[in-house]
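K.L.:
I'd like to ask some things about the structure below.
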Amino acid sequence: MGKRTVAVIFGGYSPEYEVSLKSAYSIINAIDRLKYEIILLGITRHGEWYKYSGPIEDIPIDKWHKDESRLDRAIISPSRGEGIVTIGKDGLAVPMPVDVVFPVLHGRYGEDGTVQGLCELAGIPVVGSGSAASALCMDKDRAHKIVSLCGIRVPKSSCFEYKPTEDEAASALEKLGLPLFVKPVKAGSSFGITKIENKSEYMEAVRLAFDYDDAVIIEECIDGFETGCSVVGNDELITGRIDEIELASGFFTFEEKYTLKTSKIHMPARIDADTERRLQEAAKTIYRALGCRGYARVDIFLTSKRDIVFNEANTIPGFTSHSRFPNMMKGVGIEYPELVEMLIGLGA
């Protein structure tokens with residue numbers, strides 16, 4: 001049998017563009033070249049698609065699109081069987097059949113089901129969740145509603161799918177009390193999120209959240225700390241060890257997620273074995289309820305009374321070799337290259 005072809009998609013028209021480049025670089029390095037042919041499909045910050053043939057070292061430093069000789073215009077063809085179609089410098093279109101697409105696209109226009117839907121239309125298998133589950137997991141409000149039906153607690157909240165009047169926004173604040181969180185409904189890496197300690201900050205936080213999405217959710221602040229659980233699988237599920245975010249103050253902002261200046265990630269979490277098992281079982285329940293496939297990181301609050309409260313599910317979590325998801329899987333004996341191989345196998 002010949003090698004199978006994996007198309008790795010990176011970049012994206014998203015505020016999380018740079019995070020995608022770093023995750024994709026690690027994944028590309030880990031793919032076994034003896035088993036797979038790799039097509040690199042990059043999306044610029046402006047949403048332009050290219051097949052990239054340059055050195056992979058230029059991807060994480062965002063130089064991959066600088067040399068036009070290494071780029072060919074490319075699309076995923078919606079016509080079944082064509083796969084990726086490249087348009088060369090001579091203007092000729094060349095279809096390239098693909099066995100599986102590995103989207104490494106964080107946030108909107110990649111993690112939200114848009115690219116997954118295109119692949120489904122084209123009949124190309126995808127690593128990770130499909131279009132419906134990806135869209136649902138990006139929507140914090142609807143994901144909370146689904147998970148609550150499973151008997152798992154979710155934060156009390158109010159959601160606005162339009163810009164509220166000051167009276168409407170004030171009503172939500174009065175219902176939830178302070179402190180609270182104001183979040184875009186569909187955004188990742190903590191973009192547009194504000195923790196509110198006093199009323200004077202509130203309306204500006206609502207306006208900021210609307211800069212990132214057309215809907216905003218206002219949530220109660222959970223008394224406790226955040227944990228994460230990696231889940232891998234389609235029918236049979238494997239969970240990694242639970243990790244724990246220790247914050248000096250505030251919340252896990254974009255800067256803290258990628259610098260850890262004042263926060264710490266404890267892996268494994270500083271919890272007893274029974275609590276870890278409860279969190280792992282809850283993560284599997286949430287994963288199935290939201291229709292996830294392949295892999296996801298499920299983020300859960302653990303209150304001071306050891307109650308479980310669902311936060312969100314990330315269908316394309318950060319995936320550098322030192323990111324939370326791979327480290328949780330490493331905790332159960334699955335090393336990074338093996339993990340990447342597993343995910344490709346689950347998608348194909």
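Labeling convention for the structure tokens: chains A, B, ... as they appear, residues from 1 per chain, ligands from 1 in order of appearance.
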Taking only region 34-130 of chain A into account, list the residues labelled helix (DSSP H, G or I) by DSSP (computed from the backbone), as a PyMOL selection string.
P.N.:
chain A and resi 56-58+68-70+114-122
K.L.:
Write out as a ChimeraX atom specification which residues come within 9 Å of Ile84 (chain A) when counting only C-alpha atoms, dropping same-chain ones fewer than 2 positions away.
P.N.:
/A:7,41,51,74-77,82,86,94-98
K.L.:
Under the rule of at most 12 Å, produce a per-residue listing of region 154-219 of chain A near region 292-309 of chain A: chain, number, name, the closest pair of atoms, and the distance in Å, as CSV, using only C-alpha atoms.
P.N.:
residue,atom,partner,partner_atom,distance
A:Val154,CA,A:Val309,CA,5.1
A:Pro155,CA,A:Val309,CA,6.8
A:Lys156,CA,A:Val309,CA,10.3
K.L.:
Export, as a tab-separated table (two decimals), in the first residue's frame, the selected residues with N, CA and C atoms.
P.N.:
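Below is the file that was written, result_36.tsv:
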chain	number	residue	atom	x	y	z
A	154	VAL	N	-24.11	23.97	35.03
A	154	VAL	CA	-23.46	24.99	34.20
A	154	VAL	C	-23.60	26.34	34.91
A	155	PRO	N	-22.77	27.33	34.59
A	155	PRO	CA	-22.91	28.64	35.24
A	155	PRO	C	-24.26	29.29	34.91
A	156	LYS	N	-24.83	29.99	35.87
A	156	LYS	CA	-26.01	30.81	35.59
A	156	LYS	C	-25.58	31.93	34.63
K.L.:
Using only C-alpha atoms, which residues sit within 12 Å of Pro55 (chain A) once same-chain residues fewer than 2 positions away are excluded, as number ranges by chain?
P.N.:
A: 25, 28-29, 40, 52-53, 57-67, 70-71
K.L.:
Identify which of the residues A:Gly47, A:Gly83, A:Pro103, A:Pro125 lies closest to Ile9 (chain A), counting only C-alpha atoms when measuring atom-to-atom distances.
P.N.:
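The answer is A:Pro103, which sits nearest to Ile9 (chain A).
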K.L.:
Name the residues in contact with region 114-119 of chain A at a cut-off of 8 Å, using only C-alpha atoms, excluding same-chain residues fewer than 3 positions from it; report them as an MDAnalysis selection string.
P.N.:
chainID A and resid 76 78 101 103 109:111 122:126 129:131 134:135
K.L.:
Export, as a CSV table (one decimal), in the first residue's frame, the selected residues with N, CA and C atoms.
P.N.:
chain,number,residue,atom,x,y,z
A,76,ILE,N,-10.1,23.8,-1.2
A,76,ILE,CA,-10.7,22.5,-1.0
A,76,ILE,C,-11.9,22.5,-2.0
A,78,PRO,N,-15.3,21.5,-3.5
A,78,PRO,CA,-16.5,20.9,-3.0
A,78,PRO,C,-17.0,19.7,-3.8
A,101,VAL,N,-8.1,15.3,6.1
A,101,VAL,CA,-7.7,16.7,6.4
A,101,VAL,C,-7.5,16.8,8.0
A,103,PRO,N,-7.4,19.8,10.3
A,103,PRO,CA,-7.4,21.2,10.5
A,103,PRO,C,-6.8,21.6,11.9
A,109,TYR,N,-13.9,30.5,12.0
A,109,TYR,CA,-13.6,30.2,10.6
A,109,TYR,C,-12.5,29.1,10.6
A,110,GLY,N,-12.7,28.1,11.4
A,110,GLY,CA,-11.8,26.9,11.4
A,110,GLY,C,-12.2,25.9,12.5
A,111,GLU,N,-12.3,26.4,13.7
A,111,GLU,CA,-12.7,25.5,14.8
A,111,GLU,C,-14.3,25.5,15.0
A,122,ALA,N,-17.2,17.9,0.5
A,122,ALA,CA,-16.2,17.3,-0.5
A,122,ALA,C,-16.0,15.8,-0.3
A,123,GLY,N,-16.5,15.3,0.8
A,123,GLY,CA,-16.4,13.9,1.1
A,123,GLY,C,-15.0,13.5,1.6
A,124,ILE,N,-14.3,14.5,2.3
A,124,ILE,CA,-13.0,14.2,2.8
A,124,ILE,C,-13.1,14.0,4.3
A,125,PRO,N,-12.6,12.9,4.8
A,125,PRO,CA,-12.5,12.7,6.3
A,125,PRO,C,-11.7,13.8,7.0
A,126,VAL,N,-12.2,14.1,8.2
A,126,VAL,CA,-11.5,15.2,9.0
A,126,VAL,C,-11.1,14.6,10.3
A,129,SER,N,-13.8,16.8,15.4
A,129,SER,CA,-15.2,16.8,15.3
A,129,SER,C,-15.7,17.3,14.0
A,130,GLY,N,-17.0,16.9,13.6
A,130,GLY,CA,-17.6,17.4,12.4
A,130,GLY,C,-18.1,18.8,12.5
A,131,SER,N,-18.9,19.2,11.5
A,131,SER,CA,-19.4,20.6,11.5
A,131,SER,C,-20.4,20.9,12.6
A,134,SER,N,-18.6,20.9,16.1
A,134,SER,CA,-17.7,22.0,16.2
A,134,SER,C,-18.4,23.3,16.4
A,135,ALA,N,-19.5,23.5,15.6
A,135,ALA,CA,-20.3,24.8,15.8
A,135,ALA,C,-20.9,24.8,17.2
K.L.:
For Ser171 (chain A), find every residue with an atom within 10 Å (counting only C-alpha atoms), except residues of its own chain fewer than 6 positions away, and show them as a ChimeraX atom specification.
P.N.:
/A:158,165,177
K.L.:
Residues within 8 Å of Gly240 (chain A), please, as a list in words. Count only C-alpha atoms; anything in the same chain fewer than 2 positions from it doesn't count.
P.N.:
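Everything that qualifies: Cys229, Ser230, Val231, Ile238, Ile242, Met328, Met329, Lys330, Gly331 and Val332 of chain A.
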K.L.:
Calculate how many Å separate CA of Thr320 (chain A) from CA of Ser26 (chain A), rounding to one decimal.
P.N.:
5.3 Å
